[in-house]
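Enquirer: Quick one: the structure is below, and I'll ask about it shortly.
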Amino acid sequence: MENRKTIKTLLVSAAVLLVAALLVFVINDSLDKKPVETQKYCVAMGTVITEKIYSDKDASDVCDGVEKTIKNLEGVISRRDESSVIYSLNKNGKVKTDEKTADVISRCGEIYSDCGGAFDITVGKLTSMWNIGEENARVPEEKEIKDALTYVDGSLVKTNQGAVMLGEGQKVDLGAVGKGLACDYVRDYLETTPIKSAVISVGGSVLLFGDSEKDKKWSVAVRDPSGESDEYMGVLSLSDCCVSTSGDYERVLESDGKKYHHILDPKTGYPSDSGLKSVTIVCDSGFLSDALSTACFVLGVKEGEKLLRKYNAEAVFIDNENRVYVTDGLISSFSLTSEGYTLAGE
Ligand code: ADP
Ligand code: MG
């Protein structure tokens, strides 16, 4: 019931504000001669999906296809859906699945190793205890956290030709990559259609499919982490890539005058405290952009930048003092638009 109420609220705010619940959103499409824009809003993966498809005629059928693609993926990776692969994996400690899903788990393992465990999908026991963003969110007792931490170890997850096995008692949570992964699945789907240009936002992850006409780029707003959901502090000029943001403002629990956000440090079991308010990642892969945004949020600027070099990804980091760090490959695409922030190094 509560869930249905939340979804209804999400849909209403989507209709009214257009950009509600998005961390990164597209301000305009910069098209000179606009083709037909087909728009659709729906709710999946616990967030609002915004679809904008550009073509020479109505593309409602493709919009429906995009929604179906995302909902199918949700049916595989959801922790709560009893018919999902991840539900079954968490219940039985192992599962036989398709190569594609097993490959996602295995790529999560690579990122886990490369970032020294800052990103770790075996945080499942911890995240369901905190449950931040849900009705029954709470601050767990220290002892519970200590106990749950003994199950957090990404190196124990094994994959072999579609089979996935967890370590004893482990639970996985793909919340840190699901929305970015959805962008990749949508791109694969759009490539089977005649569509050449589209912008699909899945919560904090955005797919910029193709270039705008005449090689013009889209303007993607980077949300002001201290502002309302429609306020932004900078703009990225981009095309044909994926953009994901992790921020400390998206899902928050307030208890005894303290605020707790939903990105946990797998070393402590508590919300990460690396001095950042948000990290926005730009790269070719939605999966990577999402995984890296979570990893970099936990790592902080210095270690985060090192990780990004390995993956050829770019970022905008915003720290608690409102300093903005933009990686070299993105500087020429980024404009600061809010006076409340300063570019680091200036
Ligand atoms: P959002 O889900 O808001 O897009 P993120 O991509 O940063 O934000 O993912 C955060 C989610 O990932 C959490 O809600 C939780 O399910 C999971 N998670 C939290 N901390 C970690 C972590 N250190 N490593 C992997 N997954 C995490
Ligand atoms: Mg993420």
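Residue numbers start at 1 in each chain; chains themselves are named A, B, ... in the order of the structure tokens; ligands are numbered from 1 in the order shown.
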Give the residue list for ligand 1 at 9 Å, counting only C-alpha atoms and all ligand atoms, as a PyMOL selection string, sorted by chain and then by residue number.
Expert: chain A and resi 23+108+112+117-124+126-128+131-133+172-180+202-205+244-251+261-267+269+271-272+279+289-295+297-298
Enquirer: Quick one: pick out all helix (DSSP H, G or I) residues within range 141-290 of chain A from a backbone DSSP run and write them as a CSV table (one decimal) with C-alpha atoms, in the first residue's frame.
Expert:
chain,number,residue,atom,x,y,z
A,142,GLU,CA,26.6,-1.3,16.4
A,143,LYS,CA,26.6,-5.0,17.1
A,144,GLU,CA,24.3,-5.7,14.2
A,145,ILE,CA,26.5,-3.7,11.9
A,146,LYS,CA,29.6,-5.6,13.1
A,147,ASP,CA,27.8,-8.9,12.5
A,148,ALA,CA,26.6,-7.9,9.0
A,149,LEU,CA,30.1,-6.7,8.1
A,154,GLY,CA,33.2,-9.2,-2.8
A,155,SER,CA,36.1,-11.6,-3.3
A,156,LEU,CA,33.9,-14.6,-2.2
A,178,GLY,CA,20.9,-1.3,-11.8
A,179,LYS,CA,20.0,2.1,-13.3
A,180,GLY,CA,23.2,2.4,-15.3
A,181,LEU,CA,22.8,-1.2,-16.5
A,182,ALA,CA,19.3,-0.3,-17.6
A,183,CYS,CA,20.8,2.5,-19.8
A,184,ASP,CA,23.0,-0.2,-21.5
A,185,TYR,CA,20.0,-2.5,-22.1
A,186,VAL,CA,18.0,0.4,-23.5
A,187,ARG,CA,20.8,1.3,-25.8
A,188,ASP,CA,21.0,-2.3,-27.1
A,189,TYR,CA,17.3,-2.2,-27.7
A,190,LEU,CA,17.3,1.2,-29.4
A,213,GLU,CA,21.1,16.6,-35.2
A,214,LYS,CA,23.9,18.6,-36.8
A,215,ASP,CA,26.4,17.3,-34.3
A,286,GLY,CA,25.9,2.9,-18.2
A,287,PHE,CA,26.9,0.0,-16.0
A,288,LEU,CA,30.4,1.5,-15.5
A,289,SER,CA,29.2,5.0,-15.0
A,290,ASP,CA,26.8,3.8,-12.2
Enquirer: Near Leu166 in chain A, within 7 Å and counting only C-alpha atoms, which residues show up once chain neighbours fewer than 4 positions away are dropped, as a list of chain:residue names?
Expert: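 Listed by chain and then number, they are A:Gly93, A:Lys94, A:Leu156, A:Val157, A:Lys158, A:Gln170.
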Enquirer: Which residue is closest to Ile281 in chain A? Choose from A:Ser219, A:Ser255, A:Asn322, A:Thr327 and count only C-alpha atoms.
Expert: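 Looking at the shortest contact to Ile281 in chain A, the residue is A:Thr327.
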Enquirer: CA of Lys306 in chain A and CA of Ser338 in chain A are how many Å apart?
Expert: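 So the two atoms, CA of Lys306 in chain A and CA of Ser338 in chain A, lie 27.3 Å apart.
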Enquirer: Under the rule that only C-alpha atoms and all ligand atoms are counted, which of A:Val152, A:Val206, A:Ala44, A:Leu236 is the nearest residue to ligand 2?
Expert: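 Looking only at the distances to ligand 2, the closest residue turns out to be A:Val206.
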Enquirer: How many Å separate CA of Val235 in chain A from CA of Ala221 in chain A?
Expert: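 If I compute the distance from CA of Val235 in chain A to CA of Ala221 in chain A, I get 4.5 Å.
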Enquirer: Could you name the residues that touch Lys91 in chain A at 10 Å or less, counting only C-alpha atoms, but leaving out those on the same chain fewer than 5 positions away, as a PyMOL selection string?
Expert: chain A and resi 79+82+85-86+169-171
Enquirer: Write out the residues from the selection above, keeping all heavy atoms, as a CSV table (one decimal), in the first residue's frame.
Expert:
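Output file result_37.csv follows:
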chain,number,residue,atom,x,y,z
A,79,ARG,N,16.0,-7.3,-5.8
A,79,ARG,CA,16.2,-8.1,-4.6
A,79,ARG,C,14.9,-8.5,-4.0
A,79,ARG,O,14.8,-9.5,-3.2
A,79,ARG,CB,16.9,-7.3,-3.5
A,79,ARG,CG,18.3,-7.1,-3.7
A,79,ARG,CD,18.9,-6.5,-2.4
A,79,ARG,NE,18.4,-5.2,-2.1
A,79,ARG,CZ,18.5,-4.7,-0.9
A,79,ARG,NH1,19.1,-5.4,0.1
A,79,ARG,NH2,18.1,-3.5,-0.6
A,82,GLU,N,10.2,-12.0,-6.0
A,82,GLU,CA,10.6,-13.3,-5.6
A,82,GLU,C,10.9,-14.2,-6.8
A,82,GLU,O,11.4,-15.3,-6.7
A,82,GLU,CB,9.4,-13.9,-4.8
A,82,GLU,CG,9.3,-13.3,-3.4
A,82,GLU,CD,8.3,-13.9,-2.5
A,82,GLU,OE1,7.9,-15.0,-2.8
A,82,GLU,OE2,8.0,-13.3,-1.5
A,85,VAL,N,16.3,-13.4,-10.5
A,85,VAL,CA,17.5,-14.2,-10.4
A,85,VAL,C,18.2,-13.8,-9.1
A,85,VAL,O,18.7,-14.7,-8.3
A,85,VAL,CB,18.4,-13.9,-11.6
A,85,VAL,CG1,19.8,-14.5,-11.4
A,85,VAL,CG2,17.8,-14.4,-12.9
A,86,ILE,N,18.3,-12.5,-8.8
A,86,ILE,CA,19.0,-12.1,-7.6
A,86,ILE,C,18.3,-12.5,-6.3
A,86,ILE,O,18.9,-12.9,-5.3
A,86,ILE,CB,19.2,-10.5,-7.6
A,86,ILE,CG1,20.1,-10.1,-8.8
A,86,ILE,CG2,19.8,-10.0,-6.3
A,86,ILE,CD1,21.5,-10.8,-8.8
A,169,GLY,N,26.2,-17.3,3.6
A,169,GLY,CA,25.3,-16.3,4.2
A,169,GLY,C,25.3,-14.9,3.6
A,169,GLY,O,24.7,-14.0,4.0
A,170,GLN,N,26.1,-14.8,2.5
A,170,GLN,CA,26.1,-13.5,1.8
A,170,GLN,C,24.8,-13.1,1.0
A,170,GLN,O,24.1,-14.0,0.5
A,170,GLN,CB,27.3,-13.4,0.8
A,170,GLN,CG,28.7,-13.4,1.4
A,170,GLN,CD,29.7,-13.1,0.4
A,170,GLN,OE1,29.8,-13.7,-0.7
A,170,GLN,NE2,30.6,-12.1,0.8
A,171,LYS,N,24.6,-11.8,1.0
A,171,LYS,CA,23.4,-11.3,0.1
A,171,LYS,C,24.0,-10.2,-0.8
A,171,LYS,O,24.7,-9.3,-0.3
A,171,LYS,CB,22.3,-10.7,1.0
A,171,LYS,CG,21.9,-11.6,2.2
A,171,LYS,CD,20.9,-12.6,1.7
A,171,LYS,CE,20.4,-13.5,2.9
A,171,LYS,NZ,20.3,-14.9,2.5
Enquirer: Where in range 36-226 of chain A does DSSP assign strand (DSSP E), given as a CSV table (one decimal) with all heavy atoms, in the first residue's frame?
Expert:
chain,number,residue,atom,x,y,z
A,36,VAL,N,10.1,15.2,-34.5
A,36,VAL,CA,9.1,14.9,-33.5
A,36,VAL,C,9.7,14.3,-32.2
A,36,VAL,O,10.6,13.5,-32.3
A,36,VAL,CB,8.1,13.8,-34.1
A,36,VAL,CG1,7.0,13.4,-33.1
A,36,VAL,CG2,7.4,14.4,-35.4
A,37,GLU,N,9.3,14.9,-31.1
A,37,GLU,CA,9.8,14.4,-29.8
A,37,GLU,C,8.6,13.6,-29.2
A,37,GLU,O,7.5,14.1,-28.9
A,37,GLU,CB,10.2,15.5,-28.9
A,37,GLU,CG,10.6,15.0,-27.5
A,37,GLU,CD,10.9,16.2,-26.6
A,37,GLU,OE1,11.9,16.8,-26.7
A,37,GLU,OE2,10.0,16.4,-25.7
A,38,THR,N,8.9,12.3,-28.9
A,38,THR,CA,7.9,11.5,-28.2
A,38,THR,C,8.4,11.3,-26.8
A,38,THR,O,9.5,10.9,-26.6
A,38,THR,CB,7.7,10.1,-28.9
A,38,THR,OG1,7.6,10.3,-30.3
A,38,THR,CG2,6.5,9.3,-28.4
A,39,GLN,N,7.5,11.6,-25.8
A,39,GLN,CA,7.9,11.6,-24.4
A,39,GLN,C,7.1,10.6,-23.7
A,39,GLN,O,5.9,10.4,-24.0
A,39,GLN,CB,7.6,12.9,-23.7
A,39,GLN,CG,8.7,14.0,-24.0
A,39,GLN,CD,8.5,15.1,-23.0
A,39,GLN,OE1,8.2,14.9,-21.8
A,39,GLN,NE2,8.9,16.3,-23.4
A,40,LYS,N,7.7,10.0,-22.7
A,40,LYS,CA,6.9,9.0,-21.8
A,40,LYS,C,7.5,9.1,-20.4
A,40,LYS,O,8.8,9.1,-20.3
A,40,LYS,CB,7.0,7.6,-22.4
A,40,LYS,CG,6.2,6.6,-21.6
A,40,LYS,CD,6.0,5.3,-22.3
A,40,LYS,CE,5.0,4.5,-21.5
A,40,LYS,NZ,4.7,3.2,-22.1
A,41,TYR,N,6.7,9.0,-19.4
A,41,TYR,CA,7.1,8.8,-18.0
A,41,TYR,C,6.6,7.5,-17.5
A,41,TYR,O,5.5,7.2,-17.8
A,41,TYR,CB,6.6,10.0,-17.2
A,41,TYR,CG,7.1,11.3,-17.6
A,41,TYR,CD1,6.3,12.1,-18.4
A,41,TYR,CD2,8.3,11.8,-17.2
A,41,TYR,CE1,6.8,13.3,-18.9
A,41,TYR,CE2,8.8,13.0,-17.6
A,41,TYR,CZ,8.0,13.8,-18.5
A,41,TYR,OH,8.5,15.0,-18.9
A,42,CYS,N,7.4,6.8,-16.8
A,42,CYS,CA,6.9,5.7,-16.1
A,42,CYS,C,7.7,5.5,-14.8
A,42,CYS,O,8.7,6.2,-14.6
A,42,CYS,CB,6.9,4.4,-17.0
A,42,CYS,SG,8.6,4.0,-17.6
A,43,VAL,N,7.3,4.5,-14.0
A,43,VAL,CA,8.1,4.2,-12.8
A,43,VAL,C,8.6,2.8,-12.9
A,43,VAL,O,7.8,1.8,-13.2
A,43,VAL,CB,7.2,4.4,-11.5
A,43,VAL,CG1,7.9,3.9,-10.3
A,43,VAL,CG2,6.9,5.9,-11.3
A,44,ALA,N,9.9,2.6,-12.6
A,44,ALA,CA,10.5,1.3,-12.5
A,44,ALA,C,11.7,1.4,-11.7
A,44,ALA,O,12.2,2.5,-11.6
A,44,ALA,CB,10.8,0.7,-13.9
A,47,THR,N,12.1,4.3,-9.2
A,47,THR,CA,12.4,5.7,-9.6
A,47,THR,C,11.6,6.1,-10.9
A,47,THR,O,10.9,5.2,-11.4
A,47,THR,CB,13.9,5.9,-9.9
A,47,THR,OG1,14.2,7.2,-10.0
A,47,THR,CG2,14.4,5.2,-11.2
A,48,VAL,N,11.7,7.3,-11.2
A,48,VAL,CA,10.9,7.8,-12.4
A,48,VAL,C,11.8,7.6,-13.6
A,48,VAL,O,13.0,8.0,-13.6
A,48,VAL,CB,10.6,9.3,-12.3
A,48,VAL,CG1,9.8,9.8,-13.5
A,48,VAL,CG2,9.7,9.5,-11.1
A,49,ILE,N,11.3,7.1,-14.7
A,49,ILE,CA,12.0,6.9,-15.9
A,49,ILE,C,11.4,8.0,-16.9
A,49,ILE,O,10.2,8.1,-17.0
A,49,ILE,CB,11.7,5.6,-16.6
A,49,ILE,CG1,11.7,4.4,-15.6
A,49,ILE,CG2,12.6,5.4,-17.9
A,49,ILE,CD1,13.1,4.0,-15.2
A,50,THR,N,12.3,8.8,-17.4
A,50,THR,CA,11.9,9.8,-18.4
A,50,THR,C,12.4,9.4,-19.8
A,50,THR,O,13.6,9.3,-19.9
A,50,THR,CB,12.4,11.2,-18.0
A,50,THR,OG1,12.1,11.4,-16.7
A,50,THR,CG2,11.8,12.3,-18.9
A,51,GLU,N,11.5,9.3,-20.7
A,51,GLU,CA,12.0,8.9,-22.1
A,51,GLU,C,11.7,10.1,-23.0
A,51,GLU,O,10.6,10.6,-23.1
A,51,GLU,CB,11.2,7.7,-22.6
A,51,GLU,CG,11.4,6.5,-21.8
A,51,GLU,CD,10.5,5.4,-22.3
A,51,GLU,OE1,10.4,5.2,-23.6
A,51,GLU,OE2,9.9,4.6,-21.5
A,52,LYS,N,12.7,10.5,-23.8
A,52,LYS,CA,12.5,11.4,-24.9
A,52,LYS,C,13.1,10.9,-26.2
A,52,LYS,O,14.3,10.6,-26.2
A,52,LYS,CB,13.2,12.8,-24.6
A,52,LYS,CG,12.5,13.5,-23.4
A,52,LYS,CD,13.1,14.8,-23.2
A,52,LYS,CE,12.4,15.5,-22.0
A,52,LYS,NZ,12.8,16.8,-21.7
A,53,ILE,N,12.3,10.6,-27.1
A,53,ILE,CA,12.8,10.0,-28.4
A,53,ILE,C,12.5,10.9,-29.5
A,53,ILE,O,11.4,11.5,-29.7
A,53,ILE,CB,12.1,8.6,-28.6
A,53,ILE,CG1,12.6,7.6,-27.5
A,53,ILE,CG2,12.4,8.0,-29.9
A,53,ILE,CD1,12.0,6.3,-27.5
A,54,TYR,N,13.6,11.1,-30.3
A,54,TYR,CA,13.5,12.0,-31.5
A,54,TYR,C,13.5,11.2,-32.8
A,54,TYR,O,14.4,10.4,-33.0
A,54,TYR,CB,14.7,13.0,-31.4
A,54,TYR,CG,14.7,13.7,-30.1
A,54,TYR,CD1,15.6,13.3,-29.1
A,54,TYR,CD2,13.9,14.8,-29.9
A,54,TYR,CE1,15.6,13.9,-27.9
A,54,TYR,CE2,13.9,15.5,-28.7
A,54,TYR,CZ,14.8,15.0,-27.7
A,54,TYR,OH,14.8,15.7,-26.4
A,55,SER,N,12.5,11.5,-33.6
A,55,SER,CA,12.4,10.8,-34.8
A,55,SER,C,11.5,11.6,-35.8
A,55,SER,O,11.0,12.6,-35.4
A,55,SER,CB,11.9,9.4,-34.6
A,55,SER,OG,10.7,9.1,-35.0
A,94,LYS,N,23.3,-19.6,-4.5
A,94,LYS,CA,23.8,-19.9,-5.8
A,94,LYS,C,22.6,-19.9,-6.8
A,94,LYS,O,21.5,-20.0,-6.4
A,94,LYS,CB,24.5,-21.3,-5.9
A,94,LYS,CG,23.6,-22.4,-5.5
A,94,LYS,CD,24.3,-23.7,-5.5
A,94,LYS,CE,23.4,-24.8,-5.1
A,94,LYS,NZ,23.8,-26.0,-4.8
A,95,VAL,N,23.0,-19.6,-8.0
A,95,VAL,CA,21.9,-19.6,-9.1
A,95,VAL,C,22.6,-19.9,-10.4
A,95,VAL,O,23.7,-19.7,-10.6
A,95,VAL,CB,21.2,-18.2,-9.1
A,95,VAL,CG1,22.1,-17.2,-9.8
A,95,VAL,CG2,19.9,-18.3,-9.8
A,96,LYS,N,21.8,-20.6,-11.3
A,96,LYS,CA,22.2,-20.8,-12.7
A,96,LYS,C,21.5,-19.8,-13.5
A,96,LYS,O,20.2,-19.8,-13.5
A,96,LYS,CB,22.0,-22.2,-13.1
A,96,LYS,CG,22.4,-22.6,-14.5
A,96,LYS,CD,23.8,-23.1,-14.5
A,96,LYS,CE,24.3,-23.4,-16.0
A,96,LYS,NZ,25.2,-22.5,-16.5
A,158,LYS,N,31.7,-16.0,-6.8
A,158,LYS,CA,32.3,-16.7,-7.9
A,158,LYS,C,31.3,-16.9,-9.1
A,158,LYS,O,30.1,-17.1,-8.8
A,158,LYS,CB,32.7,-18.1,-7.5
A,158,LYS,CG,33.7,-18.1,-6.3
A,158,LYS,CD,35.1,-17.6,-6.6
A,158,LYS,CE,35.9,-17.5,-5.4
A,158,LYS,NZ,36.9,-16.5,-5.4
A,159,THR,N,31.8,-16.7,-10.3
A,159,THR,CA,30.9,-17.0,-11.5
A,159,THR,C,31.6,-18.0,-12.4
A,159,THR,O,32.9,-18.0,-12.5
A,159,THR,CB,30.6,-15.7,-12.3
A,159,THR,OG1,31.9,-15.1,-12.6
A,159,THR,CG2,29.8,-14.7,-11.5
A,160,ASN,N,30.8,-18.8,-13.0
A,160,ASN,CA,31.4,-19.8,-13.9
A,160,ASN,C,30.3,-20.2,-14.9
A,160,ASN,O,29.4,-20.9,-14.6
A,160,ASN,CB,31.9,-21.0,-13.1
A,160,ASN,CG,32.5,-22.1,-14.0
A,160,ASN,OD1,32.9,-21.8,-15.1
A,160,ASN,ND2,32.7,-23.3,-13.5
A,163,ALA,N,26.8,-19.8,-13.9
A,163,ALA,CA,26.5,-20.1,-12.5
A,163,ALA,C,27.1,-19.0,-11.6
A,163,ALA,O,28.2,-18.6,-11.9
A,163,ALA,CB,27.1,-21.5,-12.2
A,164,VAL,N,26.4,-18.6,-10.6
A,164,VAL,CA,26.9,-17.6,-9.7
A,164,VAL,C,26.8,-18.2,-8.3
A,164,VAL,O,25.8,-18.8,-7.9
A,164,VAL,CB,26.0,-16.3,-9.7
A,164,VAL,CG1,26.7,-15.3,-8.8
A,164,VAL,CG2,25.9,-15.8,-11.1
A,165,MET,N,27.9,-18.1,-7.5
A,165,MET,CA,27.9,-18.6,-6.1
A,165,MET,C,28.3,-17.5,-5.2
A,165,MET,O,29.3,-16.8,-5.4
A,165,MET,CB,28.8,-19.8,-6.0
A,165,MET,CG,28.2,-21.1,-6.5
A,165,MET,SD,29.4,-22.0,-7.5
A,165,MET,CE,30.0,-20.9,-8.8
A,197,SER,N,18.2,9.0,-32.2
A,197,SER,CA,18.5,10.1,-31.2
A,197,SER,C,17.5,10.0,-30.0
A,197,SER,O,16.3,10.0,-30.3
A,197,SER,CB,18.4,11.4,-31.9
A,197,SER,OG,18.6,12.5,-31.1
A,198,ALA,N,18.0,9.8,-28.8
A,198,ALA,CA,17.0,9.7,-27.7
A,198,ALA,C,17.8,10.0,-26.4
A,198,ALA,O,19.0,9.9,-26.3
A,198,ALA,CB,16.5,8.3,-27.6
A,199,VAL,N,17.0,10.5,-25.4
A,199,VAL,CA,17.6,10.7,-24.0
A,199,VAL,C,16.7,10.0,-23.1
A,199,VAL,O,15.5,10.2,-23.0
A,199,VAL,CB,17.6,12.2,-23.7
A,199,VAL,CG1,18.1,12.4,-22.3
A,199,VAL,CG2,18.4,13.0,-24.7
A,200,ILE,N,17.3,9.0,-22.4
A,200,ILE,CA,16.5,8.2,-21.4
A,200,ILE,C,17.1,8.4,-20.0
A,200,ILE,O,18.3,8.0,-19.8
A,200,ILE,CB,16.6,6.7,-21.8
A,200,ILE,CG1,16.3,6.5,-23.3
A,200,ILE,CG2,15.6,5.9,-21.0
A,200,ILE,CD1,14.9,6.8,-23.8
A,201,SER,N,16.3,8.9,-19.1
A,201,SER,CA,16.8,9.1,-17.7
A,201,SER,C,16.2,8.0,-16.8
A,201,SER,O,15.0,7.8,-16.8
A,201,SER,CB,16.4,10.4,-17.1
A,201,SER,OG,16.8,11.4,-17.9
A,202,VAL,N,17.1,7.2,-16.2
A,202,VAL,CA,16.6,6.2,-15.2
A,202,VAL,C,17.1,6.7,-13.9
A,202,VAL,O,18.2,6.3,-13.5
A,202,VAL,CB,17.2,4.8,-15.6
A,202,VAL,CG1,16.6,3.7,-14.7
A,202,VAL,CG2,17.0,4.5,-17.1
A,205,SER,N,20.8,7.9,-13.5
A,205,SER,CA,21.6,7.5,-14.7
A,205,SER,C,20.8,8.0,-16.0
A,205,SER,O,19.6,7.8,-16.1
A,205,SER,CB,21.8,6.0,-14.8
A,205,SER,OG,22.6,5.6,-13.7
A,206,VAL,N,21.6,8.5,-16.9
A,206,VAL,CA,21.0,9.0,-18.1
A,206,VAL,C,21.8,8.4,-19.3
A,206,VAL,O,23.0,8.4,-19.3
A,206,VAL,CB,21.1,10.6,-18.2
A,206,VAL,CG1,20.5,11.1,-19.5
A,206,VAL,CG2,20.5,11.2,-17.0
A,207,LEU,N,21.0,8.0,-20.3
A,207,LEU,CA,21.6,7.5,-21.6
A,207,LEU,C,21.3,8.6,-22.6
A,207,LEU,O,20.2,9.0,-22.9
A,207,LEU,CB,20.9,6.2,-22.0
A,207,LEU,CG,21.1,5.8,-23.5
A,207,LEU,CD1,22.6,5.4,-23.7
A,207,LEU,CD2,20.2,4.7,-23.9
A,208,LEU,N,22.5,9.1,-23.2
A,208,LEU,CA,22.3,10.1,-24.3
A,208,LEU,C,22.6,9.2,-25.5
A,208,LEU,O,23.8,8.8,-25.8
A,208,LEU,CB,23.4,11.2,-24.2
A,208,LEU,CG,23.3,12.0,-22.9
A,208,LEU,CD1,24.4,13.0,-22.8
A,208,LEU,CD2,22.0,12.8,-22.8
A,209,PHE,N,21.5,8.8,-26.2
A,209,PHE,CA,21.7,7.9,-27.3
A,209,PHE,C,21.9,8.7,-28.6
A,209,PHE,O,21.0,9.5,-29.1
A,209,PHE,CB,20.4,7.1,-27.4
A,209,PHE,CG,20.4,6.0,-28.5
A,209,PHE,CD1,21.2,4.9,-28.4
A,209,PHE,CD2,19.7,6.2,-29.7
A,209,PHE,CE1,21.2,3.9,-29.4
A,209,PHE,CE2,19.7,5.3,-30.7
A,209,PHE,CZ,20.5,4.1,-30.6
A,218,TRP,N,23.8,17.6,-26.2
A,218,TRP,CA,22.8,17.9,-25.3
A,218,TRP,C,23.4,18.6,-24.0
A,218,TRP,O,24.6,18.4,-23.7
A,218,TRP,CB,22.2,16.6,-24.8
A,218,TRP,CG,21.2,16.0,-25.7
A,218,TRP,CD1,19.9,16.5,-26.0
A,218,TRP,CD2,21.3,14.8,-26.5
A,218,TRP,NE1,19.3,15.7,-26.9
A,218,TRP,CE2,20.1,14.7,-27.2
A,218,TRP,CE3,22.3,13.9,-26.7
A,218,TRP,CZ2,19.9,13.6,-28.1
A,218,TRP,CZ3,22.1,12.8,-27.5
A,218,TRP,CH2,20.9,12.7,-28.2
A,219,SER,N,22.6,19.4,-23.4
A,219,SER,CA,23.0,20.1,-22.2
A,219,SER,C,22.5,19.3,-21.0
A,219,SER,O,21.3,19.1,-20.8
A,219,SER,CB,22.5,21.5,-22.1
A,219,SER,OG,23.0,22.2,-23.2
A,220,VAL,N,23.4,18.7,-20.2
A,220,VAL,CA,23.0,17.9,-19.1
A,220,VAL,C,23.3,18.6,-17.8
A,220,VAL,O,24.4,19.0,-17.5
A,220,VAL,CB,23.7,16.5,-19.1
A,220,VAL,CG1,23.3,15.6,-17.9
A,220,VAL,CG2,23.5,15.8,-20.4
A,221,ALA,N,22.2,18.9,-17.0
A,221,ALA,CA,22.4,19.6,-15.8
A,221,ALA,C,23.0,18.7,-14.7
A,221,ALA,O,22.5,17.6,-14.5
A,221,ALA,CB,21.1,20.2,-15.4
A,222,VAL,N,23.9,19.2,-13.9
A,222,VAL,CA,24.4,18.5,-12.7
A,222,VAL,C,23.7,19.1,-11.5
A,222,VAL,O,23.8,20.3,-11.3
A,222,VAL,CB,25.9,18.6,-12.6
A,222,VAL,CG1,26.4,17.9,-11.3
A,222,VAL,CG2,26.6,18.1,-13.8
A,223,ARG,N,22.9,18.3,-10.9
A,223,ARG,CA,22.1,18.8,-9.8
A,223,ARG,C,22.9,19.4,-8.7
A,223,ARG,O,24.0,19.0,-8.3
A,223,ARG,CB,21.3,17.6,-9.2
A,223,ARG,CG,20.4,18.1,-8.1
A,223,ARG,CD,19.4,17.1,-7.7
A,223,ARG,NE,19.0,17.4,-6.3
A,223,ARG,CZ,18.1,16.6,-5.6
A,223,ARG,NH1,17.6,15.6,-6.2
A,223,ARG,NH2,17.9,16.9,-4.4
Enquirer: Between A:Ala102, A:Leu343, A:Leu89, A:Ile111, which is the closest to ligand 2 once you count only C-alpha atoms and all ligand atoms?
Expert: A:Ile111
Enquirer: Just give me the gap between CA of Cys115 in chain A and CA of Val324 in chain A in Å, one decimal is fine.
Expert: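 We find that CA of Cys115 in chain A and CA of Val324 in chain A lie 21.8 Å from each other.
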Enquirer: Point out the residue among A:Thr280, A:Asp58, A:Ser226, A:Glu305 with the least atom-to-atom distance to ligand 2, counting only C-alpha atoms and all ligand atoms.
Expert: A:Thr280
